[in-house]
file target.csv (CSV, C-alpha atoms (C1' of nucleotides))
chain,number,residue,atom,x,y,z
Q,1,MET,CA,129.7,213.8,186.5
Q,2,ILE,CA,132.0,211.9,184.1
Q,3,SER,CA,132.6,208.5,185.5
Q,4,THR,CA,135.9,206.5,185.5
Q,5,LYS,CA,134.8,204.7,182.5
Q,6,GLY,CA,134.8,207.8,180.3
Q,7,ARG,CA,137.9,209.2,181.9
Q,8,TYR,CA,139.9,205.9,181.7
Q,9,ALA,CA,138.7,205.4,178.1
Q,10,LEU,CA,140.1,208.8,177.2
Q,11,ARG,CA,143.4,208.0,178.8
Q,12,VAL,CA,143.6,204.7,177.0
Q,13,MET,CA,143.1,206.5,173.7
Q,14,ILE,CA,145.8,209.1,174.6
Q,15,ASP,CA,148.2,206.3,175.7
Q,16,LEU,CA,147.7,204.5,172.4
Q,17,ALA,CA,148.1,207.7,170.4
Q,18,GLU,CA,151.4,208.5,172.2
Q,19,ASN,CA,152.8,205.0,171.9
Q,20,GLU,CA,151.7,204.5,168.3
Q,21,THR,CA,153.4,201.8,166.3
Q,22,ASP,CA,152.4,199.5,163.6
Q,23,SER,CA,151.9,196.6,166.0
Q,24,TYR,CA,149.4,196.0,168.8
Q,25,ILE,CA,149.9,197.2,172.3
Q,26,PRO,CA,149.0,194.8,175.1
Q,27,LEU,CA,146.6,196.0,177.7
Q,28,LYS,CA,149.1,195.0,180.4
Q,29,ASP,CA,151.4,197.8,179.3
Q,30,ILE,CA,148.6,200.4,179.1
Q,31,ALA,CA,147.4,199.5,182.6
Q,32,ALA,CA,150.9,199.7,184.0
Q,33,ARG,CA,151.6,203.1,182.4
Q,34,GLN,CA,148.3,204.5,183.5
Q,35,GLY,CA,148.2,203.0,186.9
Q,36,ILE,CA,144.7,201.5,186.3
Q,37,SER,CA,143.6,197.9,187.1
Q,38,LYS,CA,144.0,195.8,184.0
Q,39,LYS,CA,141.0,193.8,184.8
Q,40,TYR,CA,138.8,196.9,185.0
Q,41,LEU,CA,140.3,198.2,181.8
Q,42,GLU,CA,139.3,194.9,180.0
Q,43,ILE,CA,135.6,195.8,180.5
Q,44,ILE,CA,136.2,199.3,179.2
Q,45,VAL,CA,138.3,198.4,176.2
Q,46,LYS,CA,135.9,195.7,175.2
Q,47,GLU,CA,133.2,198.4,174.8
Q,48,MET,CA,135.6,200.5,172.9
Q,49,VAL,CA,136.3,197.7,170.4
Q,50,THR,CA,132.5,197.1,170.0
Q,51,GLY,CA,132.0,200.8,169.6
Q,52,GLY,CA,134.5,201.0,166.8
Q,53,LEU,CA,137.2,203.1,168.5
Q,54,LEU,CA,139.8,200.4,168.7
Q,55,THR,CA,140.8,197.1,167.1
Q,56,GLY,CA,142.0,194.2,169.2
Q,57,ALA,CA,144.0,191.1,168.4
Q,58,SER,CA,144.3,188.0,170.5
Q,59,GLY,CA,147.3,185.8,171.1
Q,60,LYS,CA,150.9,186.4,171.4
Q,61,GLY,CA,151.9,189.7,169.9
Q,62,GLY,CA,148.3,190.9,170.3
Q,63,GLY,CA,146.8,193.8,172.0
Q,64,TYR,CA,145.0,196.9,170.9
Q,65,LYS,CA,145.5,199.8,168.6
Q,66,LEU,CA,143.7,202.8,167.2
Q,67,CYS,CA,141.8,202.2,164.0
Q,68,ARG,CA,142.0,205.8,162.9
Q,69,GLN,CA,144.5,208.7,163.1
Q,70,PRO,CA,144.3,210.7,166.4
Q,71,GLU,CA,143.0,213.7,164.6
Q,72,GLU,CA,140.1,211.7,163.3
Q,73,TYR,CA,138.7,211.0,166.8
Q,74,ASN,CA,136.9,213.6,168.8
Q,75,VAL,CA,136.5,213.6,172.6
Q,76,GLY,CA,132.7,213.7,172.4
Q,77,GLU,CA,132.3,210.4,170.6
Q,78,ILE,CA,134.6,208.7,173.1
Q,79,LEU,CA,132.8,210.0,176.1
Q,80,GLU,CA,129.3,209.5,174.7
Q,81,LEU,CA,130.1,205.8,173.9
Q,82,MET,CA,131.3,205.2,177.5
Q,83,GLU,CA,128.8,207.3,179.4
Q,84,GLY,CA,125.8,206.4,177.3
Q,85,THR,CA,124.8,210.0,177.0
Q,86,LEU,CA,126.2,213.5,177.6
Q,87,SER,CA,122.8,214.9,178.3
Q,88,SER,CA,122.4,217.0,181.5
Q,89,VAL,CA,118.9,215.9,182.3
Q,90,ALA,CA,117.0,212.7,181.8
Q,91,CYS,CA,114.3,214.6,179.9
Q,92,LEU,CA,116.8,215.2,177.0
Q,93,ALA,CA,118.6,211.9,176.9
Q,94,ALA,CA,118.1,209.9,173.8
Q,95,GLY,CA,115.4,207.3,174.0
Q,96,THR,CA,113.6,209.0,176.8
Q,97,ASN,CA,109.8,209.2,176.5
Q,98,ASP,CA,108.7,212.7,176.0
Q,99,CYS,CA,107.9,214.5,179.3
Q,100,PRO,CA,104.3,215.4,179.6
Q,101,ARG,CA,105.3,218.8,180.9
Q,102,LYS,CA,107.6,219.4,177.9
Q,103,ASP,CA,105.6,222.2,176.4
Q,104,ALA,CA,105.0,224.1,179.6
Q,105,CYS,CA,108.4,223.4,181.1
Q,106,GLN,CA,110.2,226.6,182.1
Q,107,THR,CA,113.6,225.0,182.5
Q,108,LEU,CA,113.7,222.8,179.4
Q,109,PRO,CA,115.1,225.6,177.1
Q,110,MET,CA,117.9,226.2,179.5
Q,111,TRP,CA,118.8,222.5,179.6
Q,112,SER,CA,118.7,222.3,175.8
Q,113,GLU,CA,121.0,225.3,175.5
Q,114,TYR,CA,123.3,223.7,178.0
Q,115,ASP,CA,123.4,220.4,176.3
Q,116,GLU,CA,124.2,222.1,173.0
Q,117,MET,CA,127.1,223.9,174.6
Q,118,VAL,CA,128.4,220.7,176.1
Q,119,HIS,CA,128.1,218.8,172.8
Q,120,ASN,CA,129.9,221.6,170.9
Q,121,PHE,CA,132.7,221.6,173.5
Q,122,PHE,CA,133.5,217.9,173.5
Q,123,TYR,CA,132.8,217.3,169.8
Q,124,GLY,CA,135.1,220.2,169.0
Q,125,LYS,CA,138.1,218.6,170.7
Q,126,LYS,CA,140.1,216.1,168.8
Q,127,LEU,CA,142.1,213.3,170.4
Q,128,SER,CA,145.2,214.8,168.9
Q,129,ASP,CA,144.6,218.0,170.9
Q,130,LEU,CA,145.2,216.0,174.1
Q,131,VAL,CA,148.4,214.3,172.9
Q,132,LYS,CA,151.6,216.1,173.7
Q,133,GLY,CA,154.5,216.6,171.4
I,1,MET,CA,123.6,214.4,185.1
I,2,ILE,CA,121.5,216.9,187.1
I,3,SER,CA,119.3,214.8,189.5
I,4,THR,CA,115.7,215.4,190.4
I,5,LYS,CA,116.8,217.3,193.5
I,6,GLY,CA,118.4,220.0,191.5
I,7,ARG,CA,115.7,220.1,188.9
I,8,TYR,CA,112.9,220.1,191.4
I,9,ALA,CA,114.5,222.8,193.5
I,10,LEU,CA,114.7,225.0,190.4
I,11,ARG,CA,111.1,224.4,189.7
I,12,VAL,CA,110.1,225.3,193.3
I,13,MET,CA,112.1,228.5,193.0
I,14,ILE,CA,110.4,229.4,189.7
I,15,ASP,CA,107.0,228.5,191.1
I,16,LEU,CA,107.5,230.8,194.1
I,17,ALA,CA,108.8,233.6,191.9
I,18,GLU,CA,105.7,233.3,189.7
I,19,ASN,CA,103.2,233.1,192.6
I,20,GLU,CA,104.9,235.8,194.6
I,21,THR,CA,102.8,237.5,197.3
I,22,ASP,CA,103.6,239.0,200.6
I,23,SER,CA,102.5,235.8,202.4
I,24,TYR,CA,103.9,232.3,202.6
I,25,ILE,CA,102.9,229.6,200.0
I,26,PRO,CA,102.2,226.2,201.4
I,27,LEU,CA,104.2,223.3,200.0
I,28,LYS,CA,101.0,221.5,199.2
I,29,ASP,CA,100.1,224.1,196.6
I,30,ILE,CA,103.6,223.9,195.0
I,31,ALA,CA,103.5,220.1,194.9
I,32,ALA,CA,100.1,220.2,193.3
I,33,ARG,CA,101.0,222.8,190.6
I,34,GLN,CA,104.3,221.0,189.8
I,35,GLY,CA,103.0,217.5,190.0
I,36,ILE,CA,105.7,216.4,192.4
I,37,SER,CA,105.3,214.3,195.6
I,38,LYS,CA,104.9,216.7,198.5
I,39,LYS,CA,106.8,214.3,200.8
I,40,TYR,CA,109.8,214.3,198.5
I,41,LEU,CA,109.7,218.0,198.1
I,42,GLU,CA,109.8,218.4,201.9
I,43,ILE,CA,113.3,217.0,201.9
I,44,ILE,CA,114.4,219.2,199.1
I,45,VAL,CA,112.9,222.4,200.5
I,46,LYS,CA,114.4,221.8,203.9
I,47,GLU,CA,117.8,221.9,202.3
I,48,MET,CA,116.9,225.1,200.5
I,49,VAL,CA,115.9,226.7,203.8
I,50,THR,CA,119.2,225.6,205.4
I,51,GLY,CA,121.1,226.8,202.4
I,52,GLY,CA,119.6,230.3,202.6
I,53,LEU,CA,117.5,230.2,199.4
I,54,LEU,CA,114.1,230.2,201.1
I,55,THR,CA,112.4,231.0,204.4
I,56,GLY,CA,109.8,228.8,205.9
I,57,ALA,CA,107.0,229.5,208.4
I,58,SER,CA,105.1,226.8,210.4
I,59,GLY,CA,101.5,226.8,211.4
I,60,LYS,CA,98.3,228.0,209.7
I,61,GLY,CA,99.1,230.6,207.0
I,62,GLY,CA,102.6,229.3,206.9
I,63,GLY,CA,104.6,227.9,204.0
I,64,TYR,CA,107.6,229.1,202.1
I,65,LYS,CA,108.7,232.2,200.3
I,66,LEU,CA,111.8,233.6,198.5
I,67,CYS,CA,114.1,235.6,200.8
I,68,ARG,CA,115.5,237.7,197.9
I,69,GLN,CA,114.2,239.1,194.6
I,70,PRO,CA,114.2,236.7,191.7
I,71,GLU,CA,117.0,238.6,189.9
I,72,GLU,CA,119.2,238.2,193.0
I,73,TYR,CA,119.4,234.5,192.6
I,74,ASN,CA,121.4,232.7,190.0
I,75,VAL,CA,120.8,229.2,188.8
I,76,GLY,CA,124.3,228.1,189.6
I,77,GLU,CA,124.0,228.6,193.3
I,78,ILE,CA,120.7,226.7,193.4
I,79,LEU,CA,122.1,223.7,191.5
I,80,GLU,CA,125.3,223.7,193.4
I,81,LEU,CA,123.5,223.6,196.7
I,82,MET,CA,121.4,220.6,195.7
I,83,GLU,CA,123.9,218.7,193.7
I,84,GLY,CA,126.8,219.3,196.0
I,85,THR,CA,129.1,220.2,193.2
I,86,LEU,CA,128.9,221.0,189.5
I,87,SER,CA,132.3,219.6,188.7
I,88,SER,CA,132.5,217.3,185.8
I,89,VAL,CA,135.1,215.0,187.3
I,90,ALA,CA,135.9,213.9,190.9
I,91,CYS,CA,139.5,215.2,190.5
I,92,LEU,CA,138.1,218.8,190.4
I,93,ALA,CA,135.3,218.6,193.0
I,94,ALA,CA,135.9,220.7,196.1
I,95,GLY,CA,137.4,218.8,199.0
I,96,THR,CA,138.9,216.1,196.9
I,97,ASN,CA,142.4,215.1,197.7
I,98,ASP,CA,144.8,216.1,195.0
I,99,CYS,CA,145.3,213.4,192.4
I,100,PRO,CA,148.9,212.1,192.4
I,101,ARG,CA,148.8,212.3,188.6
I,102,LYS,CA,147.7,215.9,188.6
I,103,ASP,CA,150.9,217.4,187.1
I,104,ALA,CA,151.3,214.8,184.4
I,105,CYS,CA,147.6,214.4,183.6
I,106,GLN,CA,146.9,215.1,180.0
I,107,THR,CA,143.1,215.5,180.4
I,108,LEU,CA,143.0,217.7,183.5
I,109,PRO,CA,143.3,221.0,181.5
I,110,MET,CA,140.4,220.0,179.4
I,111,TRP,CA,138.3,219.2,182.5
I,112,SER,CA,139.2,222.5,184.1
I,113,GLU,CA,138.3,224.4,181.0
I,114,TYR,CA,135.0,222.5,180.9
I,115,ASP,CA,134.2,223.2,184.5
I,116,GLU,CA,134.8,226.9,184.0
I,117,MET,CA,132.5,226.9,181.1
I,118,VAL,CA,129.8,225.2,183.0
I,119,HIS,CA,130.2,227.5,186.0
I,120,ASN,CA,130.0,230.5,183.8
I,121,PHE,CA,126.9,229.2,182.1
I,122,PHE,CA,124.9,228.5,185.3
I,123,TYR,CA,126.1,231.4,187.4
I,124,GLY,CA,125.3,233.7,184.5
I,125,LYS,CA,121.6,232.7,184.5
I,126,LYS,CA,119.3,234.5,187.0
I,127,LEU,CA,116.2,233.0,188.4
I,128,SER,CA,114.3,235.9,186.8
I,129,ASP,CA,115.5,234.7,183.4
I,130,LEU,CA,113.5,231.6,183.8
I,131,VAL,CA,110.3,233.2,185.0
I,132,LYS,CA,107.9,234.1,182.2
I,133,GLY,CA,106.0,237.4,181.9
D,1,DC,C1',91.3,226.7,224.8
D,2,DC,C1',91.0,223.7,220.8
D,3,DT,C1',91.1,222.4,216.2
D,4,DT,C1',93.2,223.0,211.9
D,5,DT,C1',96.9,223.8,209.1
D,6,DT,C1',101.3,223.9,208.3
D,7,DA,C1',106.4,223.0,208.7
D,8,DC,C1',109.7,220.1,210.6
D,9,DC,C1',111.9,215.6,212.0
D,10,DT,C1',113.6,210.6,212.0
D,11,DA,C1',113.7,206.6,209.9
D,12,DC,C1',113.3,203.2,206.3
D,13,DT,C1',113.4,201.0,201.5
D,14,DA,C1',113.7,199.5,196.8
D,15,DT,C1',116.3,200.0,192.9
D,16,DG,C1',120.2,200.9,190.3
D,17,DT,C1',124.9,202.4,189.2
D,18,DC,C1',129.8,202.5,190.1
D,19,DA,C1',134.1,200.5,190.3
D,20,DA,C1',135.9,197.1,190.5
D,21,DT,C1',137.5,191.6,191.4
D,22,DA,C1',137.7,186.6,190.4
D,23,DG,C1',138.4,182.9,187.6
D,24,DG,C1',138.1,180.8,183.6
D,25,DT,C1',138.2,179.9,178.0
D,26,DT,C1',139.8,180.9,173.4
D,27,DT,C1',143.0,182.6,170.1
D,28,DT,C1',147.4,183.3,168.1
D,29,DT,C1',152.3,183.4,167.5
D,30,DA,C1',157.1,181.7,168.3
P,1,DT,C1',153.3,172.9,172.6
P,2,DA,C1',154.0,176.6,175.7
P,3,DA,C1',153.4,181.3,176.4
P,4,DA,C1',150.9,185.5,175.9
P,5,DA,C1',147.4,187.8,175.0
P,6,DA,C1',142.3,188.9,174.3
P,7,DC,C1',137.8,187.5,175.5
P,8,DC,C1',133.9,185.9,178.5
P,9,DT,C1',130.7,185.2,182.6
P,10,DA,C1',129.7,186.1,187.0
P,11,DT,C1',129.9,188.3,191.5
P,12,DT,C1',130.5,191.9,195.0
P,13,DG,C1',130.5,195.9,198.3
P,14,DA,C1',129.6,200.5,198.6
P,15,DC,C1',127.0,204.3,197.6
P,16,DA,C1',123.4,207.3,195.5
P,17,DT,C1',118.8,208.1,193.9
P,18,DA,C1',114.1,208.8,194.5
P,19,DG,C1',111.3,208.3,197.0
P,20,DT,C1',107.6,206.5,201.3
P,21,DA,C1',105.9,206.3,206.2
P,22,DG,C1',104.6,208.1,210.3
P,23,DG,C1',105.1,211.1,213.6
P,24,DT,C1',106.1,216.0,216.4
P,25,DA,C1',106.1,220.9,217.0
P,26,DA,C1',104.4,225.5,215.9
P,27,DA,C1',101.2,229.0,214.8
P,28,DA,C1',96.9,231.0,213.7
P,29,DG,C1',91.7,231.3,213.6
P,30,DG,C1',87.6,230.7,215.8
call {"tool": "encode", "arguments": {"input": "target.csv", "output": "structure tokens"}}
result
Amino acid sequence: MISTKGRYALRVMIDLAENETDSYIPLKDIAARQGISKKYLEIIVKEMVTGGLLTGASGKGGGYKLCRQPEEYNVGEILELMEGTLSSVACLAAGTNDCPRKDACQTLPMWSEYDEMVHNFFYGKKLSDLVKG
Amino acid sequence: MISTKGRYALRVMIDLAENETDSYIPLKDIAARQGISKKYLEIIVKEMVTGGLLTGASGKGGGYKLCRQPEEYNVGEILELMEGTLSSVACLAAGTNDCPRKDACQTLPMWSEYDEMVHNFFYGKKLSDLVKG
DNA sequence: CCTTTTACCTACTATGTCAATAGGTTTTTA
DNA sequence: TAAAAACCTATTGACATAGTAGGTAAAAGG
């Protein structure tokens, strides 16, 4: 299940896309509009900056803004950054040691097929697809 | 992510389908073949009996067996029984109180579309599709 | 009847993740 | 120099995961 981190990150992205200006938008405003704890969002947004989704600026007049156009983001990269992986089973998550039953596993092909479907779904959706207007 | 409960349950079902006889198959045998702790499988298999996937018989000569033909099971019902829900987000899981942001939520349509895709995928796969031979 | 084999049952536990909260420090602009 | 903002470290309560431990009941075979 997609956790609040992934879902909130997506909402932050949408919020920034919809309220796009040249200047930075303070987290306080985003938190208020979205009804999410600002303190919790700090953790999330920090990862988004590190992950290259946003740029932040300290000090008065600071805040966050997108560093690309909304159509240049896809939902998959946002979710994958926050969730760590989109894989359905531990056996397929990146960095997992190969399962010793891999070759004989009767279910692995299904999980692979599933993961591919999920990947295509989320990587095929752009941020701009979620923004209204 | 699908937990061991769901994955192990599926493997038990496949194991029973492949080793199908008229008689019951002891859990000890399944655990040995699958390389899974018998004690842990007890918990899982118990839920499967309660959920109507298997029948169990105590005593000598007892064990477990399928109560339908392999083509009469689908993967979705097995996973949903063990995982509780296949929903991608809490907002869509059965029994969840409606989210107050439901009507304005920009992401809900995408989650719904995703859930439908996932449902169709797993409910479209039969247990017999996973059994070799 | 008695032993073996099996399911069935209750309880416990270590570990980790989730979803935050708390309180402070640094940076920048007006 | 004061305000506003990001940035940083630490902590917490609740819950889920993935088991383990040790026993009781039931059924069949001899």
call {"tool": "closest_atom_pairs", "arguments": {"input": "target.csv", "of": "chain I", "to": "chain P", "cutoff": "12 Å", "atoms": "all atoms listed in the file", "output": "Markdown table"}}
result
| residue | atom | partner | partner_atom | distance |
| --- | --- | --- | --- | --- |
| I:Met1 | CA | P:DT17 | C1' | 11.8 |
| I:Ile2 | CA | P:DT17 | C1' | 11.4 |
| I:Ser3 | CA | P:DT17 | C1' | 8.0 |
| I:Thr4 | CA | P:DA18 | C1' | 7.9 |
| I:Lys5 | CA | P:DA18 | C1' | 9.0 |
| I:Tyr8 | CA | P:DA18 | C1' | 11.8 |
| I:Ile36 | CA | P:DG19 | C1' | 10.9 |
| I:Ser37 | CA | P:DG19 | C1' | 8.6 |
| I:Lys38 | CA | P:DG19 | C1' | 10.7 |
| I:Lys39 | CA | P:DT20 | C1' | 7.9 |
| I:Tyr40 | CA | P:DG19 | C1' | 6.4 |
| I:Leu41 | CA | P:DG19 | C1' | 9.9 |
| I:Glu42 | CA | P:DG19 | C1' | 11.3 |
| I:Ile43 | CA | P:DG19 | C1' | 10.2 |
| I:Ile44 | CA | P:DA18 | C1' | 11.4 |
| I:Gly56 | CA | P:DA26 | C1' | 11.8 |
| I:Ala57 | CA | P:DA27 | C1' | 8.7 |
| I:Ser58 | CA | P:DA26 | C1' | 5.7 |
| I:Gly59 | CA | P:DA27 | C1' | 4.1 |
| I:Lys60 | CA | P:DA28 | C1' | 5.2 |
| I:Gly61 | CA | P:DA28 | C1' | 7.1 |
| I:Gly62 | CA | P:DA27 | C1' | 8.0 |
| I:Gly63 | CA | P:DA27 | C1' | 11.4 |
| I:Glu83 | CA | P:DA16 | C1' | 11.6 |
call {"tool": "interface_residues", "arguments": {"input": "target.csv", "of": "chain Q", "to": "chain I", "cutoff": "10 Å", "atoms": "all atoms listed in the file", "output": "ChimeraX atom specification"}}
result
/Q:1-4,7,10-11,14-15,34-35,85-90,93,101,105-111,113-114,117-118,121-122,125,129-132
call {"tool": "calpha_fit_rmsd", "arguments": {"input": "target.csv", "fixed": "chain I", "moving": "chain Q"}}
result
0.1 Å
call {"tool": "atom_distance", "arguments": {"input": "target.csv", "atom1": "CA of Ala9 in chain I", "atom2": "CA of Leu53 in chain I"}}
result
9.9 Å
call {"tool": "closest_residue", "arguments": {"input": "target.csv", "among": "I:Glu72, I:Lys102, I:Leu81, I:Lys46", "to": "DC9 in chain D", "atoms": "only C-alpha atoms (C1' of nucleotides)"}}
result
I:Lys46
call {"tool": "interface_residues", "arguments": {"input": "target.csv", "of": "chain D", "to": "chain Q", "cutoff": "8 Å", "atoms": "all atoms listed in the file", "output": "MDAnalysis selection string"}}
result
chainID D and resid 19:21 27:29
call {"tool": "atom_distance", "arguments": {"input": "target.csv", "atom1": "CA of Gly76 in chain Q", "atom2": "CA of His119 in chain Q"}}
result
6.9 Å
call {"tool": "atom_distance", "arguments": {"input": "target.csv", "atom1": "CA of Ala17 in chain I", "atom2": "CA of Asn74 in chain I"}}
result
12.8 Å
call {"tool": "residues_around", "arguments": {"input": "target.csv", "residues": "Leu16 in chain Q", "least_positions_apart": "3", "cutoff": "7 Å", "atoms": "only C-alpha atoms (C1' of nucleotides)", "output": "list in words"}}
result
Val12, Met13, Asn19, Glu20, Lys65 and Leu66 of chain Q
call {"tool": "residues_around", "arguments": {"input": "target.csv", "residues": "Tyr73 in chain I", "least_positions_apart": "6", "cutoff": "8 Å", "atoms": "all atoms listed in the file", "output": "PDB file with C-alpha atoms, in the frame of the given file"}}
result
ATOM      1  CA  LYS I 126     119.300 234.500 187.000  1.00  0.00           C
ATOM      2  CA  LEU I 127     116.200 233.000 188.400  1.00  0.00           C
ATOM      3  CA  SER I 128     114.300 235.900 186.800  1.00  0.00           C
TER       4      SER I 128
END
call {"tool": "build_atoms", "arguments": {"input": "target.csv", "residues": "range 37-53 of chain Q", "atoms": "N, CA and C atoms", "output": "PDB file, in the frame of the given file"}}
result
ATOM      1  N   SER Q  37     143.762 199.355 187.066  1.00  0.00           N
ATOM      2  CA  SER Q  37     143.600 197.900 187.100  1.00  0.00           C
ATOM      3  C   SER Q  37     143.347 197.351 185.705  1.00  0.00           C
ATOM      4  N   LYS Q  38     144.164 196.357 185.335  1.00  0.00           N
ATOM      5  CA  LYS Q  38     144.000 195.800 184.000  1.00  0.00           C
ATOM      6  C   LYS Q  38     142.660 195.108 183.836  1.00  0.00           C
ATOM      7  N   LYS Q  39     142.233 194.458 184.886  1.00  0.00           N
ATOM      8  CA  LYS Q  39     141.000 193.800 184.800  1.00  0.00           C
ATOM      9  C   LYS Q  39     139.798 194.715 184.549  1.00  0.00           C
ATOM     10  N   TYR Q  40     139.856 195.857 185.203  1.00  0.00           N
ATOM     11  CA  TYR Q  40     138.800 196.900 185.000  1.00  0.00           C
ATOM     12  C   TYR Q  40     138.881 197.428 183.573  1.00  0.00           C
ATOM     13  N   LEU Q  41     140.102 197.644 183.126  1.00  0.00           N
ATOM     14  CA  LEU Q  41     140.300 198.200 181.800  1.00  0.00           C
ATOM     15  C   LEU Q  41     139.747 197.220 180.709  1.00  0.00           C
ATOM     16  N   GLU Q  42     139.815 195.923 180.996  1.00  0.00           N
ATOM     17  CA  GLU Q  42     139.300 194.900 180.000  1.00  0.00           C
ATOM     18  C   GLU Q  42     137.849 195.237 179.673  1.00  0.00           C
ATOM     19  N   ILE Q  43     137.063 195.548 180.698  1.00  0.00           N
ATOM     20  CA  ILE Q  43     135.600 195.800 180.500  1.00  0.00           C
ATOM     21  C   ILE Q  43     135.488 197.070 179.588  1.00  0.00           C
ATOM     22  N   ILE Q  44     136.276 198.077 179.908  1.00  0.00           N
ATOM     23  CA  ILE Q  44     136.200 199.300 179.200  1.00  0.00           C
ATOM     24  C   ILE Q  44     136.621 199.193 177.743  1.00  0.00           C
ATOM     25  N   VAL Q  45     137.760 198.545 177.575  1.00  0.00           N
ATOM     26  CA  VAL Q  45     138.300 198.400 176.200  1.00  0.00           C
ATOM     27  C   VAL Q  45     137.457 197.538 175.334  1.00  0.00           C
ATOM     28  N   LYS Q  46     136.813 196.579 175.949  1.00  0.00           N
ATOM     29  CA  LYS Q  46     135.900 195.700 175.200  1.00  0.00           C
ATOM     30  C   LYS Q  46     134.791 196.589 174.538  1.00  0.00           C
ATOM     31  N   GLU Q  47     134.235 197.510 175.325  1.00  0.00           N
ATOM     32  CA  GLU Q  47     133.200 198.400 174.800  1.00  0.00           C
ATOM     33  C   GLU Q  47     133.754 199.302 173.694  1.00  0.00           C
ATOM     34  N   MET Q  48     135.017 199.649 173.847  1.00  0.00           N
ATOM     35  CA  MET Q  48     135.600 200.500 172.900  1.00  0.00           C
ATOM     36  C   MET Q  48     135.837 199.820 171.529  1.00  0.00           C
ATOM     37  N   VAL Q  49     136.121 198.519 171.605  1.00  0.00           N
ATOM     38  CA  VAL Q  49     136.300 197.700 170.400  1.00  0.00           C
ATOM     39  C   VAL Q  49     134.881 197.609 169.712  1.00  0.00           C
ATOM     40  N   THR Q  50     133.884 197.228 170.514  1.00  0.00           N
ATOM     41  CA  THR Q  50     132.500 197.100 170.000  1.00  0.00           C
ATOM     42  C   THR Q  50     132.046 198.418 169.373  1.00  0.00           C
ATOM     43  N   GLY Q  51     132.420 199.506 170.027  1.00  0.00           N
ATOM     44  CA  GLY Q  51     132.000 200.800 169.600  1.00  0.00           C
ATOM     45  C   GLY Q  51     132.773 201.382 168.394  1.00  0.00           C
ATOM     46  N   GLY Q  52     133.772 200.624 167.944  1.00  0.00           N
ATOM     47  CA  GLY Q  52     134.500 201.000 166.800  1.00  0.00           C
ATOM     48  C   GLY Q  52     135.606 202.054 166.998  1.00  0.00           C
ATOM     49  N   LEU Q  53     136.074 202.152 168.234  1.00  0.00           N
ATOM     50  CA  LEU Q  53     137.200 203.100 168.500  1.00  0.00           C
ATOM     51  C   LEU Q  53     138.524 202.407 168.389  1.00  0.00           C
TER      52      LEU Q  53
END
